[in-house]
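K.L.:
Dumping the structure here so I can ask a few things about it.
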Amino acid sequence: MPRQNPQALLQNLQDAGCGEGLITQFLTLYQAGQYPQSLALLAQHRRTLLQHCHEAERRIACLDYLVYQMESRHPGSDKEPIRTIHPLGKGGTTMHESLTLSQEWDKTFPKSDQVDHCKITFHNRYGITLAADLYIPKNASGKLPAIAISGPFGAVKEQASGLYAQALAERGFLTLAFDPSYTGESGGTPRHVASPDINTEDFCAAVDYLSTREDVNPQQVGILGICGWGGFALNAAAIDTRIKATVASTMYDMSRVNANGYFDATTPDERYRMRQELNAQRTRDYKEGTYAPAGGVIDPLPDDAPQFVKDYHAYYKTPRGYHKRSLNSNNGWNKTSSLSFINMPILAYSDEIRNAVLLIHGEKAHSRYFSEDAFKKLKGDNKELLIIPGANHTDLYDNLDKIPFDKIEAFYREYLK
């Protein structure tokens, strides 16, 4: 190992927050040529700094919760959104985005009096800061089993994922409903972009956060994905062995539907033309310095709209499920968002998932074949497919008579232990 300038080395150690004792110990080892031991000292110091970061993030979450409680109980107070900043050092790649988080209860479902709720932030390994709603059972104590939840594709945490999170918190789980990267209140630029890699990573990052909370048992962490995030959940379960149990509700395989169209009707020639159109759009976007939106759920509905489009409209475009930050409720994803999905099959390694998986789908859902085909590929006696009689795709977004929460709870109780 080439020797560094002694003065520069000392300055680097001081800038990294090393104390006098650590510096003396490091220099003694370094000057004696004991490089593995000196590197081990730096690695230990890095772990200490990371622990301080996680502790600071938890304190910020507690502070945000206190502010939220005070603002809710004092309606006359100034309700400016909180800007949340991660105090992770000065400069460099360790500084994360600041986010503006609404402190209002702006969900599409009523607030439960059985759980405590607050907003938190965490970051993925690409440095994107994600916003989430944390739901904790009232009067909970000890280390709890935890579940990270996201979806549907083009929705926000104030919609279906939040409903699932609150309902499962009522049943004793600590739950986290998060906005994926580039959407909702989460960070990332440009906005309104989906990515098979980064959106899978978002689930793994949520597991990072949950696993380091003092009130969570890191051996009892599961995930739940709705619609397109059901596919990402399976992809995350295939790569992240910390995930002990996975539920995919009314799942879409976003790679398959983008590459092959609905019911695999797209031909290779049609797929080639789609690539040509999307790449031409990339050129226009770059030239104009903007990203053209694809449009959300169509509104008004044409007379000949398929039933599943009518079902989407009934959720996203009406008071039942509309939200101002939801892409499906408004202008949709960027047009070029679908480009990366065409060549990147997210379920390529789903047959290697060893931990438990529960797939849930409606009997009448147009998307039912995604779950049925995904289930055929899964291996092991800890995998299950549950078909809900009479349910369509969006019934499993918010229809409490159709969503099988008893079954979901029993599944997590069995495998998060």
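Letters A, B, ... mark the chains of the structure tokens in the order given; residue numbers begin at 1 per chain; ligand numbers begin at 1, in order shown.
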Stretch 202-318 of chain A near stretch 389-396 of chain A within 10 Å: what's each residue's closest atom pair and its distance in Å to one decimal, counting only C-alpha atoms, ordered by chain then ascending residue number, as a Markdown table?

P.N.:
```
| residue | atom | partner | partner_atom | distance |
| --- | --- | --- | --- | --- |
| A:Ile226 | CA | A:Leu396 | CA | 8.4 |
| A:Cys227 | CA | A:His393 | CA | 8.3 |
| A:Ser249 | CA | A:Leu396 | CA | 7.0 |
| A:Thr250 | CA | A:His393 | CA | 5.9 |
| A:Met251 | CA | A:His393 | CA | 8.8 |
| A:Tyr252 | CA | A:His393 | CA | 9.9 |
| A:Gln307 | CA | A:Asn392 | CA | 9.7 |
| A:Phe308 | CA | A:His393 | CA | 7.4 |
| A:Asp311 | CA | A:Thr394 | CA | 6.5 |
| A:Tyr312 | CA | A:Thr394 | CA | 6.7 |
| A:His313 | CA | A:Thr394 | CA | 9.9 |
| A:Ala314 | CA | A:Thr394 | CA | 8.9 |
| A:Tyr315 | CA | A:Thr394 | CA | 7.3 |
| A:Tyr316 | CA | A:Thr394 | CA | 9.8 |
```

K.L.:
Can those selected residues be exported to a file as a compact mmCIF listing (two decimals), in the first residue's frame so that it contains C-alpha atoms?

P.N.:
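Final output, saved to part_19.txt:
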```txt
# COMPACT_ATOMS: atom_id res chain seq x y z
CA ILE A 226 -50.13 -4.25 -4.07
CA CYS A 227 -50.71 -4.35 -7.86
CA SER A 249 -52.06 -8.63 -3.45
CA THR A 250 -53.77 -8.28 -6.87
CA MET A 251 -50.29 -8.49 -8.44
CA TYR A 252 -49.10 -7.12 -11.77
CA GLN A 307 -64.58 -3.12 -17.45
CA PHE A 308 -61.19 -3.08 -15.70
CA ASP A 311 -62.92 -0.18 -12.22
CA TYR A 312 -59.71 1.88 -12.19
CA HIS A 313 -61.72 5.04 -12.89
CA ALA A 314 -64.12 4.23 -10.06
CA TYR A 315 -61.17 4.15 -7.65
CA TYR A 316 -58.68 6.77 -8.85
```

K.L.:
Please return, as JSON, numbers by chain, all residues of stretch 129-254 of chain A that DSSP assigns to strand (DSSP E) on the basis of the backbone.

P.N.:
{"A": [129, 130, 131, 132, 133, 134, 135, 136, 137, 144, 145, 146, 147, 148, 149, 150, 174, 175, 176, 177, 178, 216, 217, 218, 219, 220, 221, 222, 223, 224, 225, 226, 245, 246, 247, 248, 249]}

K.L.:
Kindly indicate which residue among A:Gln159, A:Asn258, A:Gln34, A:Ser211 lies nearest to A:Leu327, using only C-alpha atoms for the distances.

P.N.:
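Distance minimum relative to A:Leu327 lands on A:Gln159.
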
K.L.:
Quick one: residues within 8 Å of A:Ser161, only C-alpha atoms counted, chain neighbours fewer than 5 positions away excluded, as a list in words?

P.N.:
Ile149, Ser150, Gly151, Pro152, Val156, Ala177, Phe178 and Ile226 of chain A

K.L.:
Nearest to A:Glu384 among A:Val247, A:Leu99, A:Ala206, A:Leu168, with distances taken over only C-alpha atoms: which residue is it?

P.N.:
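Answer, going by the shortest atom-to-atom distance: A:Val247.
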
K.L.:
Tell me, which residues of stretch 113-279 of chain A carry DSSP helix (DSSP H, G or I), written as a ChimeraX atom specification?

P.N.:
/A:160-170,196-211,228-239,254-260,262-264,268-279

K.L.:
Can you write just those residues out, C-alpha atoms, as a compact mmCIF listing (two decimals), in the first residue's frame?

P.N.:
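So part.txt came out as:
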```
# COMPACT_ATOMS: atom_id res chain seq x y z
CA ALA A 160 -54.41 1.48 -0.61
CA SER A 161 -51.00 0.84 0.96
CA GLY A 162 -51.86 3.07 3.90
CA LEU A 163 -55.18 1.31 4.37
CA TYR A 164 -53.41 -2.06 4.50
CA ALA A 165 -50.76 -0.66 6.86
CA GLN A 166 -53.28 0.76 9.31
CA ALA A 167 -55.42 -2.39 9.27
CA LEU A 168 -52.41 -4.62 9.99
CA ALA A 169 -51.21 -2.27 12.76
CA GLU A 170 -54.64 -2.71 14.37
CA PRO A 196 -37.51 -2.23 -12.01
CA ASP A 197 -34.23 -1.93 -10.11
CA ILE A 198 -34.78 1.12 -7.93
CA ASN A 199 -38.37 0.23 -7.02
CA THR A 200 -37.23 -3.21 -5.90
CA GLU A 201 -34.48 -1.51 -3.91
CA ASP A 202 -37.11 0.69 -2.24
CA PHE A 203 -38.53 -2.41 -0.53
CA CYS A 204 -35.05 -3.52 0.57
CA ALA A 205 -34.37 -0.01 1.92
CA ALA A 206 -37.58 -0.17 3.95
CA VAL A 207 -36.24 -3.42 5.42
CA ASP A 208 -33.00 -1.58 6.27
CA TYR A 209 -34.99 1.02 8.18
CA LEU A 210 -37.28 -1.42 9.99
CA SER A 211 -34.44 -3.77 10.92
CA GLY A 228 -47.41 -3.52 -9.62
CA TRP A 229 -45.63 -3.46 -6.30
CA GLY A 230 -46.64 -7.08 -5.82
CA GLY A 231 -44.18 -7.96 -8.57
CA PHE A 232 -41.49 -5.77 -7.02
CA ALA A 233 -42.15 -7.47 -3.68
CA LEU A 234 -41.45 -10.87 -5.22
CA ASN A 235 -38.28 -9.51 -6.81
CA ALA A 236 -37.19 -8.08 -3.45
CA ALA A 237 -37.92 -11.40 -1.72
CA ALA A 238 -35.74 -13.17 -4.30
CA ILE A 239 -32.74 -10.96 -3.52
CA MET A 254 -44.86 -4.88 -14.74
CA SER A 255 -42.09 -6.30 -16.94
CA ARG A 256 -44.48 -8.72 -18.61
CA VAL A 257 -47.31 -6.28 -19.18
CA ASN A 258 -44.99 -3.60 -20.58
CA ALA A 259 -43.18 -6.01 -22.91
CA ASN A 260 -46.10 -8.21 -23.95
CA TYR A 262 -52.33 -7.46 -21.66
CA PHE A 263 -52.81 -11.19 -22.04
CA ASP A 264 -49.45 -11.38 -23.87
CA PRO A 268 -42.33 -8.89 -31.62
CA ASP A 269 -42.95 -6.40 -34.44
CA GLU A 270 -45.31 -4.39 -32.26
CA ARG A 271 -42.78 -4.46 -29.43
CA TYR A 272 -40.09 -3.17 -31.81
CA ARG A 273 -42.34 -0.30 -32.91
CA MET A 274 -42.99 0.49 -29.24
CA ARG A 275 -39.23 0.70 -28.63
CA GLN A 276 -38.90 3.03 -31.61
CA GLU A 277 -41.66 5.31 -30.28
CA LEU A 278 -40.27 5.39 -26.74
CA ASN A 279 -36.74 6.15 -27.90
```

K.L.:
Pull the closest atom pair for each residue of stretch 155-266 of chain A that gets at most 8 Å from stretch 129-147 of chain A, along with the distance in Å to one decimal, counting only C-alpha atoms, ordering rows by chain and then ascending residue number, as CSV.

P.N.:
```
residue,atom,partner,partner_atom,distance
A:Lys157,CA,A:Ala132,CA,7.1
A:Gly162,CA,A:Asp133,CA,7.4
A:Ala165,CA,A:Tyr135,CA,6.8
A:Gln166,CA,A:Tyr135,CA,6.1
A:Ala169,CA,A:Pro137,CA,5.3
A:Glu170,CA,A:Pro137,CA,5.9
A:Arg171,CA,A:Pro137,CA,7.6
A:Gly172,CA,A:Pro137,CA,5.7
A:Phe173,CA,A:Pro145,CA,5.6
A:Leu174,CA,A:Ala146,CA,4.6
A:Thr175,CA,A:Ile147,CA,4.8
A:Leu176,CA,A:Leu134,CA,4.7
A:Ala177,CA,A:Asp133,CA,5.3
A:Phe178,CA,A:Ala132,CA,4.0
A:Asp179,CA,A:Ala131,CA,5.8
A:Pro180,CA,A:Leu130,CA,6.7
A:Ser181,CA,A:Leu130,CA,6.3
A:Glu185,CA,A:Ala131,CA,5.7
A:Ser186,CA,A:Leu130,CA,4.3
A:Gly187,CA,A:Thr129,CA,5.2
A:Gly188,CA,A:Thr129,CA,7.3
A:Leu210,CA,A:Ala146,CA,7.0
A:Glu214,CA,A:Lys143,CA,7.1
A:Asp215,CA,A:Lys143,CA,4.4
A:Val216,CA,A:Lys143,CA,4.5
A:Asn217,CA,A:Lys143,CA,5.1
A:Pro218,CA,A:Pro145,CA,7.9
A:Gln220,CA,A:Pro145,CA,4.8
A:Val221,CA,A:Ala146,CA,4.9
A:Gly222,CA,A:Ile147,CA,4.7
A:Ile223,CA,A:Ile147,CA,5.0
A:Leu224,CA,A:Ile147,CA,6.9
```

K.L.:
What separation in Å, quoted to one decimal, exists between atom CA of A:Asp240 and atom CA of A:Leu42?

P.N.:
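For atom CA of A:Asp240 relative to atom CA of A:Leu42, the distance reads 27.1 Å.
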
K.L.:
Skipping near chain neighbours, those fewer than 6 positions away, what residues fall within 9 Å of A:Asn355 using only C-alpha atoms, listed as a VMD selection string?

P.N.:
chain A and resid 237 to 238 241 243 to 246 380 382 to 383 415

K.L.:
I need the residues from that last selection saved to file as a CSV table (one decimal), in the first residue's frame (with N, CA and C atoms), if you can.

P.N.:
```
chain,number,residue,atom,x,y,z
A,237,ALA,N,-38.0,-10.2,-2.5
A,237,ALA,CA,-37.9,-11.4,-1.7
A,237,ALA,C,-36.9,-12.3,-2.3
A,238,ALA,N,-36.7,-12.3,-3.6
A,238,ALA,CA,-35.7,-13.2,-4.3
A,238,ALA,C,-34.3,-12.7,-4.0
A,241,THR,N,-32.7,-11.8,1.7
A,241,THR,CA,-33.0,-13.0,2.5
A,241,THR,C,-33.5,-12.5,3.9
A,243,ILE,N,-36.1,-10.7,4.3
A,243,ILE,CA,-37.5,-10.7,4.2
A,243,ILE,C,-38.1,-12.1,4.5
A,244,LYS,N,-38.7,-12.3,5.6
A,244,LYS,CA,-39.2,-13.6,6.1
A,244,LYS,C,-40.5,-14.0,5.5
A,245,ALA,N,-41.3,-13.1,5.1
A,245,ALA,CA,-42.6,-13.4,4.5
A,245,ALA,C,-43.1,-12.3,3.6
A,246,THR,N,-43.6,-12.7,2.4
A,246,THR,CA,-44.0,-11.7,1.4
A,246,THR,C,-45.5,-12.0,1.0
A,380,GLY,N,-41.6,-24.8,-3.0
A,380,GLY,CA,-41.6,-25.0,-1.6
A,380,GLY,C,-43.1,-25.0,-1.1
A,382,ASN,N,-44.2,-23.5,1.5
A,382,ASN,CA,-44.5,-22.3,2.2
A,382,ASN,C,-45.0,-21.2,1.2
A,383,LYS,N,-45.5,-21.7,0.1
A,383,LYS,CA,-46.0,-20.8,-1.0
A,383,LYS,C,-47.5,-21.1,-1.1
A,415,TYR,N,-45.3,-17.0,9.8
A,415,TYR,CA,-43.9,-17.0,9.3
A,415,TYR,C,-43.0,-15.8,9.9
```

K.L.:
When you count only C-alpha atoms, which of these residues is closest to A:Leu13: A:Leu27, A:Ile408, A:Ile353, A:Leu359?

P.N.:
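Among the listed residues, A:Leu27 lies closest to A:Leu13.
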
K.L.:
For atom CA of A:Leu385 and atom CA of A:Asp373, quote the distance in Å rounded to one decimal.

P.N.:
10.3 Å

K.L.:
Please determine, counting only C-alpha atoms, which residue among A:Ala43, A:Asp253, A:Gly127, A:Ser112 has the shortest atom-to-atom distance to A:Ser350.

P.N.:
A:Asp253
